[in-house]
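Colleague: File follows, work_31.tsv with TSV, C-alpha atoms:
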```tsv
chain	number	residue	atom	x	y	z
R	85	MET	CA	0.00	0.00	0.00
R	86	ILE	CA	1.30	3.46	-0.93
R	87	LYS	CA	-0.06	6.48	0.95
R	88	VAL	CA	1.05	9.88	-0.38
R	89	TYR	CA	1.28	12.96	1.87
R	90	LYS	CA	1.33	16.27	0.02
R	91	ALA	CA	3.79	18.97	1.06
R	92	GLU	CA	1.09	21.58	1.55
R	93	ASP	CA	-0.78	19.35	4.01
R	94	ARG	CA	2.05	19.37	6.55
R	95	TYR	CA	1.53	21.41	9.71
R	96	GLU	CA	3.46	24.69	9.56
R	97	ALA	CA	4.90	26.55	12.55
R	98	ASN	CA	6.33	30.05	12.06
R	99	HIS	CA	8.14	31.62	15.01
R	100	GLY	CA	9.98	34.26	13.00
R	101	TRP	CA	13.48	32.92	13.71
R	102	LEU	CA	12.21	29.41	12.89
R	103	ARG	CA	9.93	28.16	10.12
R	104	SER	CA	9.17	24.47	10.42
R	105	LYS	CA	6.91	21.97	8.67
R	106	PHE	CA	6.00	18.80	10.54
R	107	SER	CA	5.33	15.44	8.88
R	108	PHE	CA	4.33	13.87	12.23
R	109	SER	CA	2.74	15.12	15.45
R	110	PHE	CA	5.22	17.44	17.15
R	111	ALA	CA	5.12	20.30	19.70
R	112	GLU	CA	1.81	22.16	19.38
R	113	TYR	CA	0.67	19.94	16.49
R	114	TYR	CA	-1.08	16.79	17.68
R	115	ASP	CA	-2.92	14.29	15.52
R	116	PRO	CA	-3.57	10.89	17.18
R	117	THR	CA	-3.63	9.27	13.72
R	118	ASN	CA	-0.21	10.68	12.82
R	119	LEU	CA	2.13	9.80	15.68
R	120	GLN	CA	4.68	7.54	13.99
R	121	PHE	CA	5.48	5.20	11.11
R	122	GLY	CA	7.19	2.17	12.56
R	123	PRO	CA	9.98	3.55	14.78
R	124	MET	CA	10.01	6.87	12.88
R	125	CYS	CA	8.19	9.58	14.84
R	126	VAL	CA	9.56	12.96	13.68
R	127	LEU	CA	10.44	14.55	10.35
R	128	ASN	CA	10.70	18.32	10.67
R	129	ASP	CA	11.71	20.46	7.70
R	130	ASP	CA	13.36	23.37	9.56
R	131	ILE	CA	14.61	26.77	8.38
R	132	VAL	CA	16.51	28.72	11.05
R	133	GLN	CA	17.52	32.34	10.63
R	134	PRO	CA	21.14	33.52	11.07
R	135	THR	CA	22.52	33.43	14.66
R	136	TYR	CA	19.36	31.72	16.00
R	137	GLY	CA	18.63	28.13	16.93
R	138	PHE	CA	17.59	25.69	19.62
R	139	GLY	CA	19.34	26.43	22.92
R	140	MET	CA	20.37	23.76	25.41
R	141	HIS	CA	17.50	21.33	26.02
R	142	PRO	CA	17.21	17.70	27.13
R	143	HIS	CA	16.43	14.47	25.26
R	144	ARG	CA	16.36	10.82	26.25
R	145	GLU	CA	15.59	7.46	24.61
R	146	MET	CA	15.63	8.82	21.06
R	147	GLU	CA	17.83	8.46	17.95
R	148	ILE	CA	18.12	11.91	16.31
R	149	VAL	CA	19.46	12.43	12.77
R	150	SER	CA	20.04	15.85	11.18
R	151	ILE	CA	20.51	16.22	7.42
R	152	VAL	CA	21.54	19.72	6.35
R	153	LEU	CA	20.31	20.78	2.91
R	154	LYS	CA	21.58	24.36	2.94
R	155	GLY	CA	23.80	26.40	5.25
R	156	TYR	CA	25.45	25.24	8.49
R	157	LEU	CA	24.21	23.68	11.73
R	158	GLN	CA	26.33	23.88	14.88
R	159	HIS	CA	25.92	21.19	17.54
R	160	GLU	CA	27.03	21.26	21.17
R	161	ASP	CA	26.12	18.87	23.98
R	162	THR	CA	26.83	18.14	27.64
R	163	ALA	CA	28.92	15.09	26.68
R	164	GLY	CA	31.53	17.46	25.27
R	165	HIS	CA	30.78	17.19	21.57
R	166	ARG	CA	30.91	20.30	19.38
R	167	SER	CA	30.80	20.31	15.58
R	168	LYS	CA	29.46	22.10	12.52
R	169	THR	CA	27.49	20.23	9.82
R	170	THR	CA	26.63	21.19	6.23
R	171	PHE	CA	25.37	19.54	3.02
R	172	GLY	CA	27.30	16.32	2.42
R	173	GLU	CA	27.45	15.49	6.13
R	174	ILE	CA	25.22	13.62	8.58
R	175	GLN	CA	24.79	14.28	12.29
R	176	ARG	CA	23.52	11.45	14.51
R	177	MET	CA	22.90	11.69	18.26
R	178	SER	CA	21.72	8.86	20.49
R	179	ALA	CA	20.09	10.51	23.50
R	180	GLY	CA	20.03	7.23	25.45
R	181	THR	CA	19.72	7.72	29.20
R	182	GLY	CA	19.72	11.49	28.77
R	183	VAL	CA	21.71	14.37	27.31
R	184	TYR	CA	21.39	18.13	26.84
R	185	HIS	CA	22.27	19.64	23.47
R	186	SER	CA	21.91	22.78	21.36
R	187	GLU	CA	21.53	23.18	17.58
R	188	MET	CA	22.34	26.67	16.31
R	189	ASN	CA	22.82	28.50	13.03
R	190	PRO	CA	26.33	29.94	13.39
R	191	SER	CA	26.12	32.14	10.28
R	192	GLN	CA	25.68	35.89	10.52
R	193	THR	CA	24.01	36.12	7.09
R	194	GLU	CA	22.76	32.74	5.79
R	195	GLU	CA	19.76	30.71	6.96
R	196	VAL	CA	20.11	26.98	7.51
R	197	ASN	CA	17.61	24.43	6.17
R	198	PHE	CA	17.83	20.96	7.62
R	199	LEU	CA	15.74	17.84	8.10
R	200	GLN	CA	15.38	16.71	11.71
R	201	LEU	CA	14.48	13.03	12.08
R	202	TRP	CA	13.69	11.14	15.28
R	203	PHE	CA	13.50	7.37	15.66
R	204	LEU	CA	12.75	5.18	18.66
R	205	PRO	CA	15.84	3.12	19.59
R	206	ASP	CA	15.75	-0.67	19.48
R	207	GLN	CA	16.70	-0.82	23.16
R	208	ALA	CA	16.43	1.46	26.17
R	209	GLY	CA	19.13	2.61	28.55
R	210	LEU	CA	21.89	3.23	26.00
R	211	THR	CA	24.85	5.46	26.79
R	212	PRO	CA	24.42	8.81	24.96
R	213	SER	CA	26.63	9.14	21.88
R	214	TYR	CA	27.24	11.48	18.95
R	215	GLU	CA	28.90	11.30	15.54
R	216	LYS	CA	29.28	13.32	12.37
R	217	THR	CA	29.97	11.55	9.09
R	218	THR	CA	30.72	12.74	5.56
R	219	TYR	CA	29.21	11.18	2.45
R	220	SER	CA	30.01	11.65	-1.24
R	221	ILE	CA	27.54	13.94	-2.99
R	222	GLU	CA	28.81	12.56	-6.29
R	223	ASN	CA	27.93	9.02	-5.16
R	224	MET	CA	24.29	10.06	-4.69
R	225	LYS	CA	23.96	10.36	-8.46
R	226	ASN	CA	21.61	7.77	-9.98
R	227	GLN	CA	21.87	5.35	-7.06
R	228	LEU	CA	20.65	4.93	-3.50
R	229	LEU	CA	23.51	5.96	-1.22
R	230	PRO	CA	23.27	4.64	2.38
R	231	VAL	CA	24.18	7.39	4.86
R	232	VAL	CA	22.77	5.98	8.14
R	233	THR	CA	22.29	2.33	9.13
R	234	LYS	CA	22.44	-0.04	12.11
R	235	HIS	CA	25.51	-1.94	10.87
R	236	PRO	CA	27.73	0.36	8.77
R	237	LYS	CA	30.06	-1.63	6.52
R	238	GLU	CA	32.25	1.25	5.41
R	239	ASP	CA	33.37	4.75	6.38
R	240	GLY	CA	31.00	7.64	5.74
R	241	ILE	CA	27.89	5.87	7.05
R	242	ALA	CA	26.54	6.83	10.47
R	243	HIS	CA	25.53	4.16	12.97
R	244	ILE	CA	22.03	4.19	14.47
R	245	ASN	CA	20.52	2.04	17.21
R	246	GLN	CA	17.57	0.83	15.16
R	247	ASP	CA	17.09	-1.65	12.30
R	248	LEU	CA	16.79	0.95	9.56
R	249	THR	CA	18.74	2.46	6.69
R	250	ILE	CA	18.52	6.02	5.35
R	251	TYR	CA	19.44	6.46	1.70
R	252	LEU	CA	19.97	9.73	-0.18
R	253	SER	CA	19.92	10.05	-3.96
R	254	THR	CA	19.79	12.43	-6.91
R	255	PHE	CA	18.32	10.88	-10.07
R	256	GLU	CA	18.79	12.39	-13.48
R	257	ALA	CA	15.62	12.81	-15.56
R	258	LYS	CA	14.19	9.45	-16.72
R	259	LYS	CA	16.48	7.45	-14.42
R	260	GLU	CA	14.71	4.39	-13.01
R	261	ILE	CA	15.69	1.77	-10.44
R	262	THR	CA	13.94	-0.99	-8.51
R	263	PHE	CA	14.25	-1.13	-4.72
R	264	LYS	CA	13.51	-4.49	-3.08
R	265	GLN	CA	13.15	-5.38	0.59
R	266	ALA	CA	11.97	-8.25	2.78
R	267	PRO	CA	8.26	-8.77	3.46
R	268	GLY	CA	6.87	-7.01	6.51
R	269	ARG	CA	9.09	-3.93	6.27
R	270	ARG	CA	8.15	-0.32	5.56
R	271	VAL	CA	9.49	2.41	3.26
R	272	PHE	CA	9.31	6.15	3.85
R	273	LEU	CA	10.04	8.40	0.86
R	274	PHE	CA	10.61	12.16	0.95
R	275	VAL	CA	11.38	14.31	-2.10
R	276	MET	CA	13.64	17.30	-1.41
R	277	ASP	CA	13.54	18.56	-4.99
R	278	GLY	CA	12.08	17.50	-8.33
R	279	THR	CA	9.49	14.85	-9.17
R	280	LEU	CA	9.57	11.11	-8.49
R	281	THR	CA	7.09	8.42	-9.56
R	282	ILE	CA	6.51	5.20	-7.58
R	283	ASN	CA	5.57	2.05	-9.49
R	284	HIS	CA	4.47	4.19	-12.44
R	285	THR	CA	1.30	5.17	-10.52
R	286	GLU	CA	1.99	7.58	-7.65
R	287	THR	CA	3.88	10.84	-8.18
R	288	LEU	CA	5.73	12.78	-5.49
R	289	GLU	CA	6.65	16.42	-6.07
R	290	ASN	CA	8.88	18.79	-4.09
R	291	ARG	CA	8.56	18.05	-0.33
R	292	ASP	CA	5.87	15.39	-0.82
R	293	SER	CA	6.31	12.11	1.06
R	294	ALA	CA	4.97	8.55	0.92
R	295	ARG	CA	4.52	5.84	3.53
R	296	ILE	CA	4.67	2.40	1.95
R	297	THR	CA	3.70	-0.95	3.45
R	298	GLU	CA	2.99	-4.46	2.15
R	299	THR	CA	5.10	-3.74	-0.94
R	300	THR	CA	8.38	-5.59	-1.42
R	301	SER	CA	9.34	-4.07	-4.78
R	302	LEU	CA	9.35	-0.39	-5.70
R	303	ILE	CA	10.09	1.04	-9.13
R	304	LEU	CA	11.36	4.61	-8.67
R	305	THR	CA	11.42	6.88	-11.72
R	306	ALA	CA	12.55	10.50	-11.95
R	307	ASN	CA	10.25	12.45	-14.25
R	308	GLU	CA	12.77	15.27	-14.00
R	309	GLN	CA	15.93	15.49	-11.93
R	310	ALA	CA	14.95	14.52	-8.39
R	311	THR	CA	16.75	14.56	-5.04
R	312	PHE	CA	15.10	12.37	-2.42
R	313	MET	CA	15.45	10.36	0.78
R	314	LEU	CA	14.37	6.72	1.14
R	315	ILE	CA	14.19	5.10	4.58
R	316	ASP	CA	13.93	1.31	4.92
R	317	LEU	CA	12.15	0.67	8.23
R	318	PRO	CA	11.02	-2.32	10.30
```
Can the structure in the file be given as structure tokens, please?

Modeller:
Amino acid sequence: MIKVYKAEDRYEANHGWLRSKFSFSFAEYYDPTNLQFGPMCVLNDDIVQPTYGFGMHPHREMEIVSIVLKGYLQHEDTAGHRSKTTFGEIQRMSAGTGVYHSEMNPSQTEEVNFLQLWFLPDQAGLTPSYEKTTYSIENMKNQLLPVVTKHPKEDGIAHINQDLTIYLSTFEAKKEITFKQAPGRRVFLFVMDGTLTINHTETLENRDSARITETTSLILTANEQATFMLIDLP
């Protein structure tokens, strides 16, 4: 089953310094029918103005992934980690038993746009951890590039404490591939730019998403150049 969620139907929060669109219930937006998809429970499309951001605040028992699309995101936490992330890099934090962190836009002039993803961990009581990895933008071209997974097999892929894999890709126009997975798993698709068709029937445009179940084979076709994220979930 393929269920498409249009970009314009996402909840929008505008706080001046922050413009955010929520794909799942978050903060002041609550929909009991839209709490999570498997272990995935947050996808926020955030734009933060220069010098602003999220000050020190706590998290626990959550796997948090940040994917920067434009600009820079500066991380700092009470475990002593401090780093700056941009396009071509992934930031993963396991909150575990509890950690405080901040996420700020360090630029004086440029806004930052990033995707904030939260997943439930596959076990409780983990020691908090943090990592930043770098992936090849060139290797996103016309293939699904794994950037986060539970068992990384090579450098440049972030580890996460959940049985999932996040892929990023940019397809040239008319490029088509087939993605296969085991029965009983889920797929979440999110288009950052362009137009993507699923199984020649459902079309996703800029910032549209799809939640896919009971489907072990997906034919993905770019009608025009398309940049997108695919998440293979339990």

Colleague: Just want the 7 Å neighbourhood of segment 214-223 of chain R, counted on all atoms listed in the file, with same-chain residues fewer than 5 positions away dropped. Output as a list of chain:residue names.

Modeller: R:Gly172, R:Glu173, R:Ile174, R:Gln175, R:Arg176, R:Met177, R:Ser178, R:Leu229, R:Val231, R:Gly240, R:Ile241, R:Ala242

Colleague: Extract, using only C-alpha atoms, all DNA, RNA and protein residues at most 6 Å from Arg144 of chain R, discarding same-chain residues fewer than 5 positions from it, and format them as a compact mmCIF listing (two decimals) with C-alpha atoms, in the coordinates of the input.

Modeller:
```
# COMPACT_ATOMS: atom_id res chain seq x y z
CA ALA R 179 20.09 10.51 23.50
CA GLY R 180 20.03 7.23 25.45
CA THR R 181 19.72 7.72 29.20
CA GLY R 182 19.72 11.49 28.77
```

Colleague: One number please: atom CA of Gly209 of chain R to atom CA of Thr117 of chain R, in Å, one decimal.

Modeller: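 Separation between atom CA of Gly209 of chain R and atom CA of Thr117 of chain R: 28.0 Å.
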
Colleague: Residues near segment 260-268 of chain R, anyone? I mean within 10 Å using all atoms listed in the file, not counting same-chain ones fewer than 5 positions away, as a short mmCIF file (atom, residue, chain, number, x, y, z; two decimals) with C-alpha atoms, keeping the file's coordinate frame.

Modeller:
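Writing the result to around_24.cif gives the following:
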```cif
data_model
loop_
_atom_site.label_atom_id
_atom_site.label_comp_id
_atom_site.auth_asym_id
_atom_site.auth_seq_id
_atom_site.Cartn_x
_atom_site.Cartn_y
_atom_site.Cartn_z
CA ASN R 226 21.61 7.77 -9.98
CA GLN R 227 21.87 5.35 -7.06
CA LEU R 228 20.65 4.93 -3.50
CA PHE R 255 18.32 10.88 -10.07
CA LEU R 280 9.57 11.11 -8.49
CA THR R 281 7.09 8.42 -9.56
CA ILE R 282 6.51 5.20 -7.58
CA ASN R 283 5.57 2.05 -9.49
CA THR R 297 3.70 -0.95 3.45
CA GLU R 298 2.99 -4.46 2.15
CA THR R 299 5.10 -3.74 -0.94
CA THR R 300 8.38 -5.59 -1.42
CA SER R 301 9.34 -4.07 -4.78
CA LEU R 302 9.35 -0.39 -5.70
CA ILE R 303 10.09 1.04 -9.13
CA LEU R 304 11.36 4.61 -8.67
CA THR R 305 11.42 6.88 -11.72
CA ALA R 306 12.55 10.50 -11.95
CA ASN R 307 10.25 12.45 -14.25
CA LEU R 314 14.37 6.72 1.14
CA ASP R 316 13.93 1.31 4.92
CA LEU R 317 12.15 0.67 8.23
CA PRO R 318 11.02 -2.32 10.30
#
```

Colleague: Would you please work out which residue, of R:Asn189, R:Ser213, R:Asn128, R:Arg269, is nearest to Ile296 of chain R when using all atoms listed in the file?

Modeller: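 Comparing R:Asn189, R:Ser213, R:Asn128, R:Arg269 against Ile296 of chain R, the winner is R:Arg269.
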
Colleague: What gap, in Å, lies between atom CA of Pro212 of chain R and atom CA of Tyr184 of chain R?

Modeller: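 It comes out at 10.0 Å.
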
Colleague: From the list R:Ile151, R:Leu157, R:Leu102, R:Met140, which residue is nearest Met188 of chain R when using all atoms listed in the file?

Modeller: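 Of the candidates, the smallest distance to Met188 of chain R is held by R:Leu157.
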
Colleague: May I ask which of the residues R:Ala257, R:Gln120, R:Leu127, R:Glu145 is the closest one to Arg94 of chain R, counting all atoms listed in the file?

Modeller: R:Leu127

Colleague: In Å, with one decimal, what is the gap from atom CA of Trp101 of chain R to atom CA of Met124 of chain R?

Modeller: 26.3 Å

Colleague: Have a look at R:Asn118, R:Thr169, R:Thr162, R:Ser150 and name the one nearest to Leu201 of chain R; count all atoms listed in the file.

Modeller: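 Of R:Asn118, R:Thr169, R:Thr162, R:Ser150, the one nearest Leu201 of chain R, counting all atoms listed in the file, is R:Ser150.
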
Colleague: Taking all atoms of segment 214-229 of chain R that the file lists and extending 3 Å past them on each side, where is the centre of the axis-aligned box and how long are its edges? Answer in Å to one decimal, as JSON.

Modeller:
```
{"center_x": 25.7, "center_y": 9.4, "center_z": 4.5, "size_x": 16.1, "size_y": 15.0, "size_z": 34.9}
```

Colleague: As a PyMOL selection string, please: the residues near Glu96 of chain R (cut-off 12 Å, all atoms listed in the file, same-chain neighbours under 4 positions excluded).

Modeller: chain R and resi 91-92+102-113+128-131

Colleague: Select, from R:Leu204, R:Leu119, R:Val88, R:Val132, the residue with the minimum atom-to-atom distance to Ile148 of chain R, counting only C-alpha atoms.

Modeller: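 Ranking R:Leu204, R:Leu119, R:Val88, R:Val132 by distance to Ile148 of chain R, first place goes to R:Leu204.
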
Colleague: Would you mind telling me which residue in R:Cys125, R:Ala310, R:Leu199, R:Val271 lies nearest to Glu289 of chain R when using only C-alpha atoms?

Modeller: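 The answer is R:Ala310, which sits nearest to Glu289 of chain R.
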